[in-house]
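Please read the structure below before turning to the comments.
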Amino acid sequence: MSNIGDDIATGSLIGIILGIPIFVGIAILAIPFIIISGISGVPMHILIQSLLIFAVAVFLDWLFSRHQIIENGIVGLIVGSLVHTYFQWHSVVCILIGLAIVGLLFFVSYIKIGFWIKTILFSVVVTFMVYVVLYSDVGLFPLPDRIWKIAFAIIFFLENIFIRCAVAHDKGVLLEGHGEYKKEEYHYDVRQDGEATAQTDNNEYQANNSTISEMNDLVRKINAEVLDEQEKEISTRDAGLSEIQEEMETSAYLMDRVYLFSQKKSFWDGNPINNMEEKVYSVLKSFIDTEYLILPHVSFREIFWWGDWKSESKLTDRVTKMHFDFGIYNKEFQPIFFLEIQGKEHKENPKVIERDKFKAEVMKRCGMKLITMDCSEPMPDSEIREKVVACIKKEVPARKAYAVYCPNCKSRGKNSLMILRRNKTDGTFFYGCSTYEENKQDKCPTLNLDEVPPLYWGIPLFKEKDKL
């Protein structure tokens, strides 16, 4: 168990380095003023006055650092005014220059080297300004002598650094936040008795070796059961604490980064202007029958199930990030086929190529249709339409080539395919369940052709070369 004194010392050191908390830093850095006051014999009321003014100046510095729009705005106003005064440029131009300076300062604050340059530069300027206005011989509250002035300049400059580091640390700019939640330590002292012994004297009966052995076995069994229960209790409690800790840390992590998020410019991946996926979607809407659903960006996890392997975080993390550009579903949300739009990265990026191979192999093993469309080169809208239609007709040339699901099996929680059959009596075509011969007891009904909507207009029953 860690020593409390060590924890306090470590926390104090981190607090001083990062300026956290700020008021503790102010109190600590006020000590040199007290020492100097005692050495130089400065009256107590002068000391108190100087410390109060010092605290007010530090508070204002913290306020400006916390809300950078104030100090950045002041700098932008000064720069714009100087440009207008010395160069006589148009007022609108000067305002735009001032706004550009404000934006540049915000941008610099989020770059590490820029943050340190700005921190040191602003600390020097603020220290000089506060000294001139408050503590110089012509200031509002002149300091008694040179020692006080030098001490103020050094201490106020350091406090500036600490405050700015503290603010940046809180906002996640300087360093990532330390975990605020620490798992509570539990210590259990489990007493395990030794083997049972039997003592005898002349007036009592003497236990034989077999009785002692049985007693020892019984004690061992009881101890083992007690230890097992205690270990289960500890494991359950630690697991609960881990879940609580993880949930709290995740919540804190997310809340600290809310400011990073903004609404996407477009639903579609890639450039929101002249987007290829959006154009393909327009073609699909006009080509695919309205009885089918066109779902963009279908997540991998909405299509496949990988059983107990979902607990394997490395695998699950990868596959849940994948999606297909378009999925064509029937009204029962059963998949018909999937369409992938492949740009240049699908030919040049090794990671994307590997991901495409994985997707294709999974689709093949699961007996699902994946259609890929090469869009690595720019093309006019008319050519896009021709290419989409050609790709679909090539992979789905007839009714036999796309999935039709048995409604009876669907009602029992199964996705059984139906196949196109021909009536031997009258020569008409119909759909029959593919599991009919295997599961005749299910009595899956047949479907007439008009009960199954065609995937697209003009699709034939089967290719001319096919024979049923």
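Labeling convention for the structure tokens: chains A, B, ... as they appear, residues from 1 per chain, ligands from 1 in order of appearance.
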
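Excluding Val83 (chain A) itself and same-chain residues fewer than 6 positions from it, the residues having an atom within 9 Å of it are Trp89, Cys94 and Ile97 of chain A, counting only C-alpha atoms.
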
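Rounded to one decimal, CA of Val102 (chain A) and CA of Lys118 (chain A) lie 12.6 Å from each other.
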
*Take CA of Cys406 (chain A) and CA of Arg422 (chain A) and report the distance between them in Å, one decimal.*
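Taking CA of Cys406 (chain A) and CA of Arg422 (chain A), their separation equals 17.0 Å.
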
*Just the alpha helix (DSSP H) stuff from region 350-415 of chain A, please, per backbone DSSP, written as a VMD selection string.*
chain A and resid 350 to 365 381 to 395 407 to 411

Write the residues of the selection above to a file with N, CA and C atoms, as a CSV table (one decimal), in the first residue's frame.
```
chain,number,residue,atom,x,y,z
A,350,PRO,N,-2.4,-0.4,-49.9
A,350,PRO,CA,-2.4,-1.8,-49.5
A,350,PRO,C,-3.4,-2.2,-48.4
A,351,LYS,N,-3.7,-1.3,-47.5
A,351,LYS,CA,-4.7,-1.6,-46.5
A,351,LYS,C,-6.1,-1.7,-47.1
A,352,VAL,N,-6.4,-0.8,-48.0
A,352,VAL,CA,-7.7,-0.9,-48.6
A,352,VAL,C,-7.8,-2.1,-49.5
A,353,ILE,N,-6.8,-2.5,-50.2
A,353,ILE,CA,-6.8,-3.7,-51.0
A,353,ILE,C,-7.0,-4.9,-50.2
A,354,GLU,N,-6.3,-5.0,-49.1
A,354,GLU,CA,-6.4,-6.2,-48.2
A,354,GLU,C,-7.9,-6.2,-47.6
A,355,ARG,N,-8.4,-5.1,-47.3
A,355,ARG,CA,-9.8,-5.0,-46.8
A,355,ARG,C,-10.8,-5.5,-47.8
A,356,ASP,N,-10.6,-5.1,-49.1
A,356,ASP,CA,-11.5,-5.5,-50.2
A,356,ASP,C,-11.4,-7.0,-50.4
A,357,LYS,N,-10.2,-7.6,-50.3
A,357,LYS,CA,-10.1,-9.1,-50.4
A,357,LYS,C,-10.8,-9.8,-49.3
A,358,PHE,N,-10.7,-9.2,-48.1
A,358,PHE,CA,-11.4,-9.8,-47.0
A,358,PHE,C,-12.9,-9.8,-47.2
A,359,LYS,N,-13.4,-8.6,-47.6
A,359,LYS,CA,-14.9,-8.5,-47.8
A,359,LYS,C,-15.4,-9.5,-48.9
A,360,ALA,N,-14.6,-9.6,-50.0
A,360,ALA,CA,-15.0,-10.5,-51.1
A,360,ALA,C,-15.0,-12.0,-50.6
A,361,GLU,N,-14.0,-12.3,-49.8
A,361,GLU,CA,-14.0,-13.7,-49.3
A,361,GLU,C,-15.1,-14.0,-48.4
A,362,VAL,N,-15.4,-13.1,-47.5
A,362,VAL,CA,-16.5,-13.3,-46.6
A,362,VAL,C,-17.8,-13.5,-47.3
A,363,MET,N,-18.1,-12.6,-48.3
A,363,MET,CA,-19.3,-12.7,-49.1
A,363,MET,C,-19.4,-14.0,-49.9
A,364,LYS,N,-18.2,-14.5,-50.4
A,364,LYS,CA,-18.2,-15.7,-51.1
A,364,LYS,C,-18.5,-16.9,-50.2
A,365,ARG,N,-17.9,-16.9,-49.0
A,365,ARG,CA,-18.2,-18.0,-48.1
A,365,ARG,C,-19.6,-18.1,-47.6
A,381,ASP,N,-21.7,11.9,-66.2
A,381,ASP,CA,-22.8,11.3,-65.5
A,381,ASP,C,-23.5,10.2,-66.4
A,382,SER,N,-23.5,10.4,-67.7
A,382,SER,CA,-24.1,9.4,-68.6
A,382,SER,C,-23.3,8.1,-68.6
A,383,GLU,N,-22.0,8.2,-68.5
A,383,GLU,CA,-21.2,7.0,-68.4
A,383,GLU,C,-21.3,6.3,-67.1
A,384,ILE,N,-21.5,7.1,-66.0
A,384,ILE,CA,-21.7,6.5,-64.7
A,384,ILE,C,-23.0,5.7,-64.7
A,385,ARG,N,-24.1,6.2,-65.3
A,385,ARG,CA,-25.3,5.4,-65.4
A,385,ARG,C,-25.1,4.1,-66.2
A,386,GLU,N,-24.5,4.2,-67.3
A,386,GLU,CA,-24.2,3.1,-68.2
A,386,GLU,C,-23.4,2.0,-67.4
A,387,LYS,N,-22.4,2.5,-66.7
A,387,LYS,CA,-21.6,1.5,-66.0
A,387,LYS,C,-22.3,0.8,-64.8
A,388,VAL,N,-23.1,1.6,-64.1
A,388,VAL,CA,-23.9,1.0,-63.0
A,388,VAL,C,-24.8,-0.1,-63.5
A,389,VAL,N,-25.6,0.3,-64.5
A,389,VAL,CA,-26.5,-0.6,-65.1
A,389,VAL,C,-25.8,-1.9,-65.7
A,390,ALA,N,-24.7,-1.7,-66.4
A,390,ALA,CA,-24.0,-2.8,-67.0
A,390,ALA,C,-23.4,-3.7,-65.9
A,391,CYS,N,-22.9,-3.2,-64.8
A,391,CYS,CA,-22.3,-4.0,-63.7
A,391,CYS,C,-23.4,-4.9,-63.1
A,392,ILE,N,-24.6,-4.3,-62.8
A,392,ILE,CA,-25.7,-5.0,-62.2
A,392,ILE,C,-26.2,-6.1,-63.2
A,393,LYS,N,-26.4,-5.7,-64.4
A,393,LYS,CA,-26.9,-6.7,-65.4
A,393,LYS,C,-26.0,-7.8,-65.6
A,394,LYS,N,-24.7,-7.6,-65.5
A,394,LYS,CA,-23.7,-8.6,-65.7
A,394,LYS,C,-23.8,-9.6,-64.6
A,395,GLU,N,-23.9,-9.1,-63.3
A,395,GLU,CA,-23.9,-10.0,-62.2
A,395,GLU,C,-25.3,-10.6,-61.9
A,407,PRO,N,-40.9,-17.0,-47.6
A,407,PRO,CA,-41.7,-16.3,-46.5
A,407,PRO,C,-42.0,-17.3,-45.4
A,408,ASN,N,-42.2,-18.6,-45.7
A,408,ASN,CA,-42.5,-19.5,-44.6
A,408,ASN,C,-41.3,-19.7,-43.7
A,409,CYS,N,-40.2,-19.8,-44.3
A,409,CYS,CA,-39.0,-20.0,-43.5
A,409,CYS,C,-38.6,-18.7,-42.7
A,410,LYS,N,-38.9,-17.6,-43.3
A,410,LYS,CA,-38.7,-16.3,-42.7
A,410,LYS,C,-39.5,-16.2,-41.4
A,411,SER,N,-40.8,-16.7,-41.4
A,411,SER,CA,-41.6,-16.6,-40.2
A,411,SER,C,-41.1,-17.5,-39.1
```

_Residues near Thr316 (chain A), anyone? I mean within 10 Å using only C-alpha atoms, not counting same-chain ones fewer than 6 positions away, as a list in words._
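Here the qualifying residues turn out to be Arg301, Trp306, Trp309 and Lys310 of chain A.
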
Do you know which residues are at most 10 Å from Glu291 (chain A) counting only C-alpha atoms, after dropping those on the same chain fewer than 2 positions away, and could you put them as a PDB file with N, CA and C atoms, in the first residue's frame?
```
ATOM      1  N   ILE A 288     -33.377   0.305 -60.006  1.00  0.00           N
ATOM      2  CA  ILE A 288     -33.860  -0.786 -59.167  1.00  0.00           C
ATOM      3  C   ILE A 288     -35.354  -0.601 -58.908  1.00  0.00           C
ATOM      4  N   ASP A 289     -36.108  -1.694 -58.929  1.00  0.00           N
ATOM      5  CA  ASP A 289     -37.553  -1.639 -58.714  1.00  0.00           C
ATOM      6  C   ASP A 289     -37.872  -1.043 -57.349  1.00  0.00           C
ATOM      7  N   LEU A 293     -35.363  -2.006 -51.326  1.00  0.00           N
ATOM      8  CA  LEU A 293     -34.793  -0.908 -50.548  1.00  0.00           C
ATOM      9  C   LEU A 293     -33.324  -0.716 -50.917  1.00  0.00           C
ATOM     10  N   ILE A 294     -32.928   0.536 -51.091  1.00  0.00           N
ATOM     11  CA  ILE A 294     -31.528   0.859 -51.387  1.00  0.00           C
ATOM     12  C   ILE A 294     -30.947   1.521 -50.131  1.00  0.00           C
ATOM     13  N   TYR A 329     -31.933  -4.442 -50.446  1.00  0.00           N
ATOM     14  CA  TYR A 329     -32.695  -5.338 -49.581  1.00  0.00           C
ATOM     15  C   TYR A 329     -34.137  -5.436 -50.077  1.00  0.00           C
ATOM     16  N   ASN A 330     -34.808  -6.553 -49.724  1.00  0.00           N
ATOM     17  CA  ASN A 330     -36.238  -6.622 -49.976  1.00  0.00           C
ATOM     18  C   ASN A 330     -36.997  -5.948 -48.833  1.00  0.00           C
ATOM     19  N   LYS A 331     -38.329  -5.956 -48.928  1.00  0.00           N
ATOM     20  CA  LYS A 331     -39.122  -5.238 -47.928  1.00  0.00           C
ATOM     21  C   LYS A 331     -39.024  -5.874 -46.537  1.00  0.00           C
ATOM     22  N   VAL A 452     -43.313 -12.210 -56.746  1.00  0.00           N
ATOM     23  CA  VAL A 452     -41.920 -11.794 -56.489  1.00  0.00           C
ATOM     24  C   VAL A 452     -41.590 -10.670 -57.461  1.00  0.00           C
ATOM     25  N   PRO A 453     -41.446  -9.440 -56.979  1.00  0.00           N
ATOM     26  CA  PRO A 453     -41.164  -8.324 -57.890  1.00  0.00           C
ATOM     27  C   PRO A 453     -39.809  -8.483 -58.560  1.00  0.00           C
ATOM     28  N   PRO A 454     -39.702  -8.129 -59.830  1.00  0.00           N
ATOM     29  CA  PRO A 454     -38.393  -8.205 -60.519  1.00  0.00           C
ATOM     30  C   PRO A 454     -37.420  -7.197 -59.920  1.00  0.00           C
ATOM     31  N   LEU A 455     -36.154  -7.525 -59.950  1.00  0.00           N
ATOM     32  CA  LEU A 455     -35.148  -6.641 -59.371  1.00  0.00           C
ATOM     33  C   LEU A 455     -35.073  -5.330 -60.140  1.00  0.00           C
ATOM     34  N   TYR A 456     -35.155  -5.407 -61.451  1.00  0.00           N
ATOM     35  CA  TYR A 456     -35.152  -4.202 -62.276  1.00  0.00           C
ATOM     36  C   TYR A 456     -36.020  -4.459 -63.513  1.00  0.00           C
TER      37      TYR A 456
END
```

*Quick one: residues within 8 Å of region 397-401 of chain A, only C-alpha atoms counted, chain neighbours fewer than 5 positions away excluded, as a ChimeraX atom specification?*
/A:392,419-420,454-455,459-463
